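Coordinates from my_file_33.txt are shown below (compact mmCIF, C-alpha atoms).
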```
# COMPACT_ATOMS: atom_id res chain seq x y z
CA ALA A 1 182.65 -194.31 -71.85
CA PRO A 2 181.75 -195.22 -75.47
CA LEU A 3 181.13 -198.83 -74.43
CA LEU A 4 178.72 -197.69 -71.73
CA ARG A 5 177.01 -195.20 -74.03
CA TYR A 6 176.50 -197.61 -76.92
CA GLY A 7 175.88 -200.59 -74.66
CA SER A 8 173.06 -198.83 -72.84
CA GLN A 9 171.35 -198.21 -76.19
CA ALA A 10 171.46 -201.89 -77.16
CA LYS A 11 168.58 -204.31 -76.59
CA ALA A 12 170.96 -207.15 -75.69
CA LEU A 13 174.69 -207.59 -75.09
CA VAL A 14 176.99 -210.59 -74.91
CA LEU A 15 179.95 -210.14 -72.57
CA GLY A 16 182.88 -212.53 -72.30
CA PRO A 17 183.52 -214.39 -75.58
CA GLY A 18 186.73 -213.28 -77.21
CA MET A 19 187.93 -211.48 -74.09
CA SER A 20 191.19 -212.39 -72.42
CA GLY A 21 190.78 -213.18 -68.75
CA GLY A 22 192.61 -211.36 -65.98
CA ARG A 23 192.30 -208.30 -63.81
CA GLU A 24 191.56 -205.88 -66.64
CA ALA A 25 188.76 -208.04 -68.04
CA ASP A 26 187.34 -208.60 -64.54
CA ALA A 27 187.38 -204.85 -63.88
CA LEU A 28 185.68 -204.13 -67.21
CA VAL A 29 182.89 -206.64 -66.54
CA ALA A 30 182.40 -205.31 -62.99
CA ALA A 31 182.20 -201.71 -64.26
CA LEU A 32 179.74 -202.60 -67.02
CA LEU A 33 177.50 -204.49 -64.61
CA GLN A 34 177.55 -201.53 -62.25
CA GLU A 35 176.92 -198.84 -64.85
CA LEU A 36 174.88 -200.39 -67.68
CA SER A 37 171.15 -200.03 -67.62
CA GLY A 38 168.68 -201.30 -70.13
CA PRO A 39 170.02 -204.16 -72.21
CA ALA A 40 169.47 -207.82 -71.56
CA LEU A 41 172.77 -209.57 -70.87
CA VAL A 42 174.37 -212.87 -71.78
CA LEU A 43 177.50 -213.55 -69.73
CA ASP A 44 179.89 -216.27 -70.85
CA ALA A 45 183.57 -217.19 -70.89
CA ALA A 46 185.78 -214.44 -69.40
CA ALA A 47 182.74 -212.52 -68.09
CA LEU A 48 181.91 -215.37 -65.69
CA ALA A 49 185.11 -215.18 -63.64
CA PRO A 50 184.35 -211.96 -61.72
CA LEU A 51 180.65 -212.66 -61.05
CA ALA A 52 181.13 -214.09 -57.56
CA GLY A 53 182.49 -210.70 -56.51
CA CYS A 54 179.86 -208.72 -58.44
CA ARG A 55 176.68 -210.18 -56.98
CA GLU A 56 175.10 -206.86 -56.05
CA ALA A 57 175.92 -205.28 -59.40
CA LEU A 58 174.58 -208.33 -61.22
CA ARG A 59 171.36 -208.24 -59.20
CA ARG A 60 170.68 -204.86 -60.82
CA HIS A 61 170.06 -206.90 -63.98
CA ALA A 62 167.73 -209.46 -62.37
CA GLY A 63 165.08 -210.56 -64.84
CA ARG A 64 167.23 -209.76 -67.87
CA ALA A 65 170.43 -211.80 -67.57
CA VAL A 66 171.56 -215.26 -68.65
CA ILE A 67 174.85 -216.96 -67.80
CA THR A 68 176.23 -219.93 -69.73
CA PRO A 69 178.96 -221.74 -67.75
CA HIS A 70 180.40 -225.16 -68.43
CA ASP A 71 181.43 -227.33 -65.47
CA GLY A 72 184.87 -225.74 -64.98
CA GLU A 73 183.46 -222.22 -65.09
CA MET A 74 180.68 -223.20 -62.68
CA ALA A 75 183.24 -224.64 -60.27
CA ARG A 76 185.18 -221.37 -60.26
CA LEU A 77 182.00 -219.33 -59.97
CA LEU A 78 180.82 -221.23 -56.88
CA ASP A 79 184.30 -221.91 -55.47
CA VAL A 80 183.81 -225.66 -55.48
CA SER A 81 185.65 -228.48 -57.21
CA ARG A 82 184.85 -229.51 -60.76
CA GLU A 83 184.07 -232.98 -59.40
CA GLU A 84 181.37 -231.50 -57.15
CA VAL A 85 179.80 -229.78 -60.15
CA LEU A 86 179.90 -232.97 -62.22
CA ALA A 87 178.33 -234.92 -59.34
CA ASP A 88 175.36 -232.52 -59.10
CA PRO A 89 175.12 -230.23 -62.13
CA LEU A 90 171.44 -229.43 -61.60
CA GLY A 91 171.96 -228.60 -57.94
CA MET A 92 174.91 -226.37 -58.77
CA ALA A 93 172.97 -224.63 -61.53
CA ARG A 94 170.11 -223.98 -59.07
CA ARG A 95 172.57 -222.65 -56.52
CA ALA A 96 174.13 -220.23 -59.02
CA ALA A 97 170.76 -219.09 -60.37
CA ALA A 98 169.47 -218.28 -56.88
CA LEU A 99 172.72 -216.67 -55.76
CA LEU A 100 173.06 -214.41 -58.80
CA GLN A 101 169.36 -213.99 -59.72
CA VAL A 102 169.96 -214.98 -63.33
CA VAL A 103 168.85 -217.72 -65.70
CA VAL A 104 171.62 -220.32 -65.81
CA ILE A 105 172.44 -222.57 -68.73
CA MET A 106 174.73 -225.25 -67.34
CA LYS A 107 176.34 -226.39 -70.59
CA GLY A 108 177.24 -229.97 -71.28
CA ALA A 109 176.16 -233.02 -73.25
CA TYR A 110 173.01 -232.72 -71.14
CA SER A 111 172.41 -228.99 -70.64
CA ARG A 112 170.36 -227.68 -67.73
CA ILE A 113 168.41 -224.42 -67.86
CA VAL A 114 167.45 -223.07 -64.43
CA THR A 115 165.59 -219.99 -63.21
CA PRO A 116 166.38 -218.08 -59.99
CA GLU A 117 163.26 -219.71 -58.50
CA GLY A 118 164.71 -223.17 -59.16
CA ASP A 119 162.49 -224.21 -62.09
CA ALA A 120 164.53 -226.39 -64.41
CA TRP A 121 164.56 -227.77 -67.95
CA ALA A 122 167.04 -230.11 -69.58
CA SER A 123 168.16 -230.70 -73.14
CA ASP A 124 170.28 -233.33 -74.81
CA HIS A 125 169.47 -231.96 -78.27
CA GLY A 126 172.91 -231.77 -79.81
CA ASN A 127 175.89 -233.90 -80.70
CA ILE A 128 179.61 -234.26 -80.10
CA GLY A 129 180.40 -231.77 -82.86
CA LEU A 130 179.07 -228.97 -80.66
CA ALA A 131 182.06 -229.48 -78.37
CA THR A 132 184.16 -227.67 -80.99
CA SER A 133 185.97 -224.52 -79.90
CA GLY A 134 183.79 -221.42 -80.23
CA SER A 135 180.49 -223.31 -80.24
CA GLY A 136 179.54 -221.89 -76.83
CA ASP A 137 180.19 -218.38 -78.15
CA VAL A 138 177.70 -219.06 -80.94
CA LEU A 139 175.16 -220.24 -78.36
CA SER A 140 175.61 -216.95 -76.49
CA GLY A 141 175.05 -215.03 -79.71
CA ILE A 142 171.88 -216.97 -80.50
CA ILE A 143 170.51 -216.25 -77.03
CA ALA A 144 171.36 -212.54 -77.33
CA GLY A 145 169.66 -212.40 -80.72
CA LEU A 146 166.49 -213.89 -79.24
CA LEU A 147 166.66 -211.46 -76.30
CA ALA A 148 167.01 -208.55 -78.71
CA ARG A 149 163.83 -209.71 -80.47
CA GLY A 150 161.90 -209.52 -77.20
CA ALA A 151 162.19 -213.01 -75.70
CA THR A 152 162.44 -213.28 -71.92
CA PRO A 153 165.72 -214.68 -70.55
CA LEU A 154 164.06 -218.05 -69.93
CA GLN A 155 162.51 -218.19 -73.40
CA ALA A 156 165.79 -217.15 -75.01
CA ALA A 157 167.71 -219.75 -73.01
CA ILE A 158 165.39 -222.64 -73.85
CA TRP A 159 165.03 -221.71 -77.50
CA GLY A 160 168.71 -220.86 -77.82
CA VAL A 161 169.82 -224.23 -76.49
CA TRP A 162 167.41 -226.07 -78.79
CA VAL A 163 168.27 -224.04 -81.91
CA HIS A 164 172.01 -224.43 -81.20
CA GLY A 165 171.54 -228.19 -80.88
CA GLU A 166 169.45 -228.34 -84.04
CA ALA A 167 172.13 -226.44 -85.95
CA GLY A 168 174.59 -229.11 -84.82
CA HIS A 169 172.23 -231.87 -85.96
CA ARG A 170 171.81 -230.31 -89.39
CA LEU A 171 175.54 -229.91 -89.89
CA ALA A 172 176.13 -233.47 -88.69
CA ARG A 173 173.63 -234.79 -91.26
CA ALA A 174 175.25 -232.73 -94.01
CA GLN A 175 178.90 -233.45 -93.29
CA GLY A 176 179.27 -235.85 -90.38
CA PRO A 177 179.05 -235.57 -86.59
CA VAL A 178 182.56 -234.19 -86.13
CA GLY A 179 184.65 -231.82 -88.17
CA TYR A 180 182.28 -228.92 -88.65
CA LEU A 181 183.38 -225.57 -87.25
CA ALA A 182 181.66 -223.17 -84.86
CA ARG A 183 181.60 -220.53 -87.58
CA GLU A 184 179.33 -222.81 -89.64
CA LEU A 185 176.60 -222.90 -86.98
CA PRO A 186 175.16 -219.36 -87.40
CA ALA A 187 174.22 -219.93 -91.04
CA GLU A 188 171.85 -222.70 -89.95
CA VAL A 189 169.92 -220.51 -87.51
CA PRO A 190 167.73 -218.50 -89.96
CA ARG A 191 166.69 -221.71 -91.74
CA ILE A 192 165.82 -223.38 -88.44
CA LEU A 193 163.72 -220.41 -87.32
CA ALA A 194 162.01 -220.27 -90.74
CA ASP A 195 161.19 -223.98 -90.54
CA LEU A 196 159.69 -223.51 -87.07
CA ALA A 197 157.52 -220.64 -88.33
CA ALA A 198 156.26 -222.61 -91.36
```
Written as structure tokens, that's how I'd like the structure from this file.
Amino acid sequence: APLLRYGSQAKALVLGPGMSGGREADALVAALLQELSGPALVLDAAALAPLAGCREALRRHAGRAVITPHDGEMARLLDVSREEVLADPLGMARRAAALLQVVVIMKGAYSRIVTPEGDAWASDHGNIGLATSGSGDVLSGIIAGLLARGATPLQAAIWGVWVHGEAGHRLARAQGPVGYLARELPAEVPRILADLAA
């Protein structure tokens, strides 16, 4: 009950990062999708697993939700093989976006951003260092922060992917393309946003 009460008062929520998978996590995500009203949502990691069985509940959040799967998560979400996802990542992202009525960020070295209507953008703005553990969680946090400031899901997805990639570029220039940690990425974000506003 406290999670629903406080969650409904938030402007944006990230569900999934840091959660252990399994039946309890799946049930929690399903209940939140069914009962929450109001906040924009970013669903990642453990929150992606139950979505195939929560389509109707997720559609309640149409126009205010973003999901951020990598290829393995997309394969589980659509009940296809990872090889099928890798062979057609844009097609799979379009399929998931239409099925779930969400903005999809299909993460990878070449990330795809797709709307439920099938409009698509792509970004390769990043580097190998962003493959570090926890980096995707930071991306979800950036997107949620942009949503909380009033961005639409599509705007937050496009800007979030670019800002996340730029943070990786700046850390790579400062200390090399590998070896930086996910926890170092957030400190770059305010400077990047300030530079864009200048």
Hey, can I get the axis-aligned box for region 29-40 of chain A? All listed atoms, 8 Å padding on each side, centre and edge lengths in Å to one decimal, as JSON.
```
{"center_x": 175.8, "center_y": -203.3, "center_z": -67.2, "size_x": 30.2, "size_y": 25.0, "size_z": 26.0}
```
Would you pick out the contacts of Leu139 (chain A) at 7 Å or less, using all atoms listed in the file, so that residues sharing its chain but fewer than 4 positions from it are not included, and give the list as a list in words?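 Near Leu139 (chain A), the qualifying residues are Ser135, Ile143, Gly160, Val161 and His164 of chain A.
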For CA of Ser8 (chain A) and CA of Ala52 (chain A), the interatomic separation in Å (one decimal):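 According to the coordinates, CA of Ser8 (chain A) and CA of Ala52 (chain A) are separated by 23.1 Å.
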Quick one: everything within 9 Å of Asp26 (chain A), counting all atoms listed in the file, minus sequence neighbours fewer than 6 positions away in the same chain. Send it as a PDB file with C-alpha atoms, keeping the file's coordinate frame.
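Contents of around.pdb, freshly written:
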```
ATOM      1  CA  ALA A  46     185.780-214.440 -69.400  1.00  0.00           C
ATOM      2  CA  ALA A  47     182.740-212.520 -68.090  1.00  0.00           C
ATOM      3  CA  LEU A  48     181.910-215.370 -65.690  1.00  0.00           C
ATOM      4  CA  ALA A  49     185.110-215.180 -63.640  1.00  0.00           C
ATOM      5  CA  PRO A  50     184.350-211.960 -61.720  1.00  0.00           C
ATOM      6  CA  LEU A  51     180.650-212.660 -61.050  1.00  0.00           C
TER       7      LEU A  51
END
```
Pick out the closest residue to Arg64 (chain A) from this set: A:Leu77, A:Val102, A:Ala131, A:Ala93. Count only C-alpha atoms. A:Val102
Quote the spacing between CA of Gly63 (chain A) and CA of Pro116 (chain A) in Å to one decimal place. 9.0 Å
Interatomic distance, CA of Leu4 (chain A) to CA of Ala65 (chain A) (Å, one decimal): 16.9 Å
Considering only C-alpha atoms, return as a PyMOL selection string whatever protein or nucleic-acid residues lie within 12 Å of Leu171 (chain A), sequence-local ones (same chain, fewer than 3 positions apart) excluded. chain A and resi 126-130+164-168+174-189+192
Store the residues picked out above in a file with C-alpha atoms, as a PDB file, in the frame of the given file.
```pdb
ATOM      1  CA  GLY A 126     172.910-231.770 -79.810  1.00  0.00           C
ATOM      2  CA  ASN A 127     175.890-233.900 -80.700  1.00  0.00           C
ATOM      3  CA  ILE A 128     179.610-234.260 -80.100  1.00  0.00           C
ATOM      4  CA  GLY A 129     180.400-231.770 -82.860  1.00  0.00           C
ATOM      5  CA  LEU A 130     179.070-228.970 -80.660  1.00  0.00           C
ATOM      6  CA  HIS A 164     172.010-224.430 -81.200  1.00  0.00           C
ATOM      7  CA  GLY A 165     171.540-228.190 -80.880  1.00  0.00           C
ATOM      8  CA  GLU A 166     169.450-228.340 -84.040  1.00  0.00           C
ATOM      9  CA  ALA A 167     172.130-226.440 -85.950  1.00  0.00           C
ATOM     10  CA  GLY A 168     174.590-229.110 -84.820  1.00  0.00           C
ATOM     11  CA  ALA A 174     175.250-232.730 -94.010  1.00  0.00           C
ATOM     12  CA  GLN A 175     178.900-233.450 -93.290  1.00  0.00           C
ATOM     13  CA  GLY A 176     179.270-235.850 -90.380  1.00  0.00           C
ATOM     14  CA  PRO A 177     179.050-235.570 -86.590  1.00  0.00           C
ATOM     15  CA  VAL A 178     182.560-234.190 -86.130  1.00  0.00           C
ATOM     16  CA  GLY A 179     184.650-231.820 -88.170  1.00  0.00           C
ATOM     17  CA  TYR A 180     182.280-228.920 -88.650  1.00  0.00           C
ATOM     18  CA  LEU A 181     183.380-225.570 -87.250  1.00  0.00           C
ATOM     19  CA  ALA A 182     181.660-223.170 -84.860  1.00  0.00           C
ATOM     20  CA  ARG A 183     181.600-220.530 -87.580  1.00  0.00           C
ATOM     21  CA  GLU A 184     179.330-222.810 -89.640  1.00  0.00           C
ATOM     22  CA  LEU A 185     176.600-222.900 -86.980  1.00  0.00           C
ATOM     23  CA  PRO A 186     175.160-219.360 -87.400  1.00  0.00           C
ATOM     24  CA  ALA A 187     174.220-219.930 -91.040  1.00  0.00           C
ATOM     25  CA  GLU A 188     171.850-222.700 -89.950  1.00  0.00           C
ATOM     26  CA  VAL A 189     169.920-220.510 -87.510  1.00  0.00           C
ATOM     27  CA  ILE A 192     165.820-223.380 -88.440  1.00  0.00           C
TER      28      ILE A 192
END
```
Taking only residues of region 32-136 of chain A that have an atom at most 6 Å from an atom of region 10-20 of chain A, what is each one's shortest atom pair and its distance in Å to one decimal, using only C-alpha atoms, in chain and number order, as a Markdown table?
```
| residue | atom | partner | partner_atom | distance |
| --- | --- | --- | --- | --- |
| A:Pro39 | CA | A:Lys11 | CA | 4.6 |
| A:Ala40 | CA | A:Ala12 | CA | 4.4 |
| A:Leu41 | CA | A:Leu13 | CA | 5.0 |
| A:Val42 | CA | A:Val14 | CA | 4.7 |
| A:Leu43 | CA | A:Leu15 | CA | 5.1 |
| A:Asp44 | CA | A:Gly16 | CA | 5.0 |
| A:Ala45 | CA | A:Gly16 | CA | 4.9 |
| A:Ala46 | CA | A:Gly16 | CA | 4.5 |
| A:Ala47 | CA | A:Gly16 | CA | 4.2 |
```
Looking at A:Gly22, A:Ser111, A:Ala30, A:Asp137, which one is nearest to Leu58 (chain A), with distances taken over only C-alpha atoms? A:Ala30
Around (172.5, -219.9, -55.5) in the file's frame, which residues reach within 12 Å when counting only C-alpha atoms? Return as a count of residues only? 26
I'd like to know which of A:His169, A:Arg112, A:Arg149, A:Arg60 is closest to Leu36 (chain A), using all atoms listed in the file.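 Result for the nearest residue to Leu36 (chain A): A:Arg60.
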Min atom-atom distance to Tyr110 (chain A) from the set A:Ser140, A:Ala31, A:His70, A:Thr132, counting only C-alpha atoms, belongs to A:His70
Shortest interatomic distance to Ala62 (chain A) - which of A:Leu33, A:Met106, A:Ala151, A:Ala27, counting only C-alpha atoms: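 The closest residue to Ala62 (chain A) is A:Leu33.
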Can I get N, CA, C and O atoms for region 109-141 of chain A, as a PDB file, in the first residue's frame?
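So the final result, stored in selection.pdb, reads:
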```
ATOM      1  N   ALA A 109      24.673  -1.764 -29.171  1.00  0.00           N
ATOM      2  CA  ALA A 109      25.680  -0.857 -29.712  1.00  0.00           C
ATOM      3  C   ALA A 109      25.024   0.149 -30.649  1.00  0.00           C
ATOM      4  O   ALA A 109      25.487   1.279 -30.802  1.00  0.00           O
ATOM      5  N   TYR A 110      23.938  -0.273 -31.272  1.00  0.00           N
ATOM      6  CA  TYR A 110      23.137   0.580 -32.149  1.00  0.00           C
ATOM      7  C   TYR A 110      21.728   0.524 -31.586  1.00  0.00           C
ATOM      8  O   TYR A 110      20.993  -0.424 -31.835  1.00  0.00           O
ATOM      9  N   SER A 111      21.354   1.488 -30.764  1.00  0.00           N
ATOM     10  CA  SER A 111      20.055   1.450 -30.079  1.00  0.00           C
ATOM     11  C   SER A 111      18.950   1.960 -30.989  1.00  0.00           C
ATOM     12  O   SER A 111      19.136   2.912 -31.742  1.00  0.00           O
ATOM     13  N   ARG A 112      17.792   1.307 -30.909  1.00  0.00           N
ATOM     14  CA  ARG A 112      16.617   1.724 -31.664  1.00  0.00           C
ATOM     15  C   ARG A 112      15.570   2.261 -30.699  1.00  0.00           C
ATOM     16  O   ARG A 112      15.322   1.664 -29.657  1.00  0.00           O
ATOM     17  N   ILE A 113      14.936   3.358 -31.075  1.00  0.00           N
ATOM     18  CA  ILE A 113      13.866   3.958 -30.293  1.00  0.00           C
ATOM     19  C   ILE A 113      12.632   3.932 -31.182  1.00  0.00           C
ATOM     20  O   ILE A 113      12.665   4.468 -32.298  1.00  0.00           O
ATOM     21  N   VAL A 114      11.556   3.308 -30.717  1.00  0.00           N
ATOM     22  CA  VAL A 114      10.385   3.066 -31.561  1.00  0.00           C
ATOM     23  C   VAL A 114       9.109   3.436 -30.806  1.00  0.00           C
ATOM     24  O   VAL A 114       8.961   3.115 -29.621  1.00  0.00           O
ATOM     25  N   THR A 115       8.197   4.085 -31.511  1.00  0.00           N
ATOM     26  CA  THR A 115       6.898   4.440 -30.946  1.00  0.00           C
ATOM     27  C   THR A 115       5.885   3.334 -31.239  1.00  0.00           C
ATOM     28  O   THR A 115       6.104   2.503 -32.130  1.00  0.00           O
ATOM     29  N   PRO A 116       4.738   3.351 -30.544  1.00  0.00           N
ATOM     30  CA  PRO A 116       3.698   2.353 -30.843  1.00  0.00           C
ATOM     31  C   PRO A 116       3.202   2.425 -32.289  1.00  0.00           C
ATOM     32  O   PRO A 116       2.733   1.430 -32.830  1.00  0.00           O
ATOM     33  N   GLU A 117       3.330   3.590 -32.915  1.00  0.00           N
ATOM     34  CA  GLU A 117       2.901   3.752 -34.307  1.00  0.00           C
ATOM     35  C   GLU A 117       3.948   3.252 -35.295  1.00  0.00           C
ATOM     36  O   GLU A 117       3.700   3.231 -36.501  1.00  0.00           O
ATOM     37  N   GLY A 118       5.121   2.871 -34.812  1.00  0.00           N
ATOM     38  CA  GLY A 118       6.163   2.329 -35.674  1.00  0.00           C
ATOM     39  C   GLY A 118       7.212   3.323 -36.116  1.00  0.00           C
ATOM     40  O   GLY A 118       8.151   2.961 -36.825  1.00  0.00           O
ATOM     41  N   ASP A 119       7.092   4.604 -35.724  1.00  0.00           N
ATOM     42  CA  ASP A 119       8.137   5.577 -36.038  1.00  0.00           C
ATOM     43  C   ASP A 119       9.405   5.175 -35.292  1.00  0.00           C
ATOM     44  O   ASP A 119       9.333   4.712 -34.146  1.00  0.00           O
ATOM     45  N   ALA A 120      10.552   5.354 -35.952  1.00  0.00           N
ATOM     46  CA  ALA A 120      11.788   4.829 -35.362  1.00  0.00           C
ATOM     47  C   ALA A 120      12.953   5.799 -35.522  1.00  0.00           C
ATOM     48  O   ALA A 120      13.048   6.517 -36.520  1.00  0.00           O
ATOM     49  N   TRP A 121      13.819   5.792 -34.536  1.00  0.00           N
ATOM     50  CA  TRP A 121      15.075   6.529 -34.529  1.00  0.00           C
ATOM     51  C   TRP A 121      16.155   5.552 -34.113  1.00  0.00           C
ATOM     52  O   TRP A 121      15.880   4.542 -33.461  1.00  0.00           O
ATOM     53  N   ALA A 122      17.396   5.880 -34.476  1.00  0.00           N
ATOM     54  CA  ALA A 122      18.514   5.013 -34.098  1.00  0.00           C
ATOM     55  C   ALA A 122      19.661   5.864 -33.581  1.00  0.00           C
ATOM     56  O   ALA A 122      19.810   7.024 -33.972  1.00  0.00           O
ATOM     57  N   SER A 123      20.449   5.285 -32.708  1.00  0.00           N
ATOM     58  CA  SER A 123      21.596   5.989 -32.154  1.00  0.00           C
ATOM     59  C   SER A 123      22.755   5.024 -31.952  1.00  0.00           C
ATOM     60  O   SER A 123      22.581   3.942 -31.403  1.00  0.00           O
ATOM     61  N   ASP A 124      23.929   5.468 -32.410  1.00  0.00           N
ATOM     62  CA  ASP A 124      25.149   4.727 -32.085  1.00  0.00           C
ATOM     63  C   ASP A 124      26.071   5.619 -31.254  1.00  0.00           C
ATOM     64  O   ASP A 124      27.274   5.433 -31.220  1.00  0.00           O
ATOM     65  N   HIS A 125      25.477   6.601 -30.584  1.00  0.00           N
ATOM     66  CA  HIS A 125      26.238   7.557 -29.788  1.00  0.00           C
ATOM     67  C   HIS A 125      26.574   6.921 -28.442  1.00  0.00           C
ATOM     68  O   HIS A 125      25.769   6.945 -27.514  1.00  0.00           O
ATOM     69  N   GLY A 126      27.722   6.334 -28.360  1.00  0.00           N
ATOM     70  CA  GLY A 126      28.150   5.660 -27.145  1.00  0.00           C
ATOM     71  C   GLY A 126      29.474   4.975 -27.408  1.00  0.00           C
ATOM     72  O   GLY A 126      30.128   5.216 -28.420  1.00  0.00           O
ATOM     73  N   ASN A 127      29.864   4.108 -26.511  1.00  0.00           N
ATOM     74  CA  ASN A 127      31.106   3.358 -26.694  1.00  0.00           C
ATOM     75  C   ASN A 127      31.047   2.075 -25.878  1.00  0.00           C
ATOM     76  O   ASN A 127      30.096   1.843 -25.129  1.00  0.00           O
ATOM     77  N   ILE A 128      32.052   1.265 -26.010  1.00  0.00           N
ATOM     78  CA  ILE A 128      32.079  -0.058 -25.383  1.00  0.00           C
ATOM     79  C   ILE A 128      32.004   0.030 -23.857  1.00  0.00           C
ATOM     80  O   ILE A 128      31.491  -0.865 -23.198  1.00  0.00           O
ATOM     81  N   GLY A 129      32.467   1.139 -23.290  1.00  0.00           N
ATOM     82  CA  GLY A 129      32.417   1.285 -21.839  1.00  0.00           C
ATOM     83  C   GLY A 129      31.003   1.271 -21.287  1.00  0.00           C
ATOM     84  O   GLY A 129      30.791   0.919 -20.126  1.00  0.00           O
ATOM     85  N   LEU A 130      30.024   1.630 -22.116  1.00  0.00           N
ATOM     86  CA  LEU A 130      28.636   1.638 -21.658  1.00  0.00           C
ATOM     87  C   LEU A 130      28.064   0.238 -21.493  1.00  0.00           C
ATOM     88  O   LEU A 130      26.949   0.091 -21.000  1.00  0.00           O
ATOM     89  N   ALA A 131      28.819  -0.772 -21.889  1.00  0.00           N
ATOM     90  CA  ALA A 131      28.381  -2.153 -21.667  1.00  0.00           C
ATOM     91  C   ALA A 131      28.632  -2.594 -20.224  1.00  0.00           C
ATOM     92  O   ALA A 131      28.284  -3.710 -19.846  1.00  0.00           O
ATOM     93  N   THR A 132      29.198  -1.724 -19.412  1.00  0.00           N
ATOM     94  CA  THR A 132      29.490  -2.076 -18.029  1.00  0.00           C
ATOM     95  C   THR A 132      28.201  -2.345 -17.243  1.00  0.00           C
ATOM     96  O   THR A 132      27.149  -1.770 -17.521  1.00  0.00           O
ATOM     97  N   SER A 133      28.296  -3.231 -16.279  1.00  0.00           N
ATOM     98  CA  SER A 133      27.143  -3.586 -15.462  1.00  0.00           C
ATOM     99  C   SER A 133      26.561  -2.354 -14.768  1.00  0.00           C
ATOM    100  O   SER A 133      27.297  -1.559 -14.189  1.00  0.00           O
ATOM    101  N   GLY A 134      25.248  -2.207 -14.851  1.00  0.00           N
ATOM    102  CA  GLY A 134      24.570  -1.084 -14.209  1.00  0.00           C
ATOM    103  C   GLY A 134      24.362   0.112 -15.118  1.00  0.00           C
ATOM    104  O   GLY A 134      23.592   1.021 -14.785  1.00  0.00           O
ATOM    105  N   SER A 135      25.009   0.133 -16.274  1.00  0.00           N
ATOM    106  CA  SER A 135      24.879   1.262 -17.186  1.00  0.00           C
ATOM    107  C   SER A 135      23.442   1.428 -17.674  1.00  0.00           C
ATOM    108  O   SER A 135      22.933   2.550 -17.785  1.00  0.00           O
ATOM    109  N   GLY A 136      22.768   0.313 -17.955  1.00  0.00           N
ATOM    110  CA  GLY A 136      21.376   0.387 -18.389  1.00  0.00           C
ATOM    111  C   GLY A 136      20.467   0.940 -17.302  1.00  0.00           C
ATOM    112  O   GLY A 136      19.478   1.625 -17.598  1.00  0.00           O
ATOM    113  N   ASP A 137      20.795   0.663 -16.049  1.00  0.00           N
ATOM    114  CA  ASP A 137      20.019   1.217 -14.936  1.00  0.00           C
ATOM    115  C   ASP A 137      20.151   2.734 -14.907  1.00  0.00           C
ATOM    116  O   ASP A 137      19.188   3.454 -14.636  1.00  0.00           O
ATOM    117  N   VAL A 138      21.358   3.227 -15.198  1.00  0.00           N
ATOM    118  CA  VAL A 138      21.574   4.671 -15.250  1.00  0.00           C
ATOM    119  C   VAL A 138      20.755   5.276 -16.390  1.00  0.00           C
ATOM    120  O   VAL A 138      20.127   6.329 -16.229  1.00  0.00           O
ATOM    121  N   LEU A 139      20.743   4.614 -17.540  1.00  0.00           N
ATOM    122  CA  LEU A 139      19.924   5.085 -18.658  1.00  0.00           C
ATOM    123  C   LEU A 139      18.465   5.212 -18.229  1.00  0.00           C
ATOM    124  O   LEU A 139      17.808   6.223 -18.503  1.00  0.00           O
ATOM    125  N   SER A 140      17.942   4.207 -17.543  1.00  0.00           N
ATOM    126  CA  SER A 140      16.555   4.265 -17.072  1.00  0.00           C
ATOM    127  C   SER A 140      16.337   5.450 -16.144  1.00  0.00           C
ATOM    128  O   SER A 140      15.301   6.130 -16.216  1.00  0.00           O
ATOM    129  N   GLY A 141      17.297   5.713 -15.286  1.00  0.00           N
ATOM    130  CA  GLY A 141      17.188   6.854 -14.377  1.00  0.00           C
ATOM    131  C   GLY A 141      17.209   8.181 -15.106  1.00  0.00           C
ATOM    132  O   GLY A 141      16.464   9.111 -14.750  1.00  0.00           O
TER     133      GLY A 141
END
```
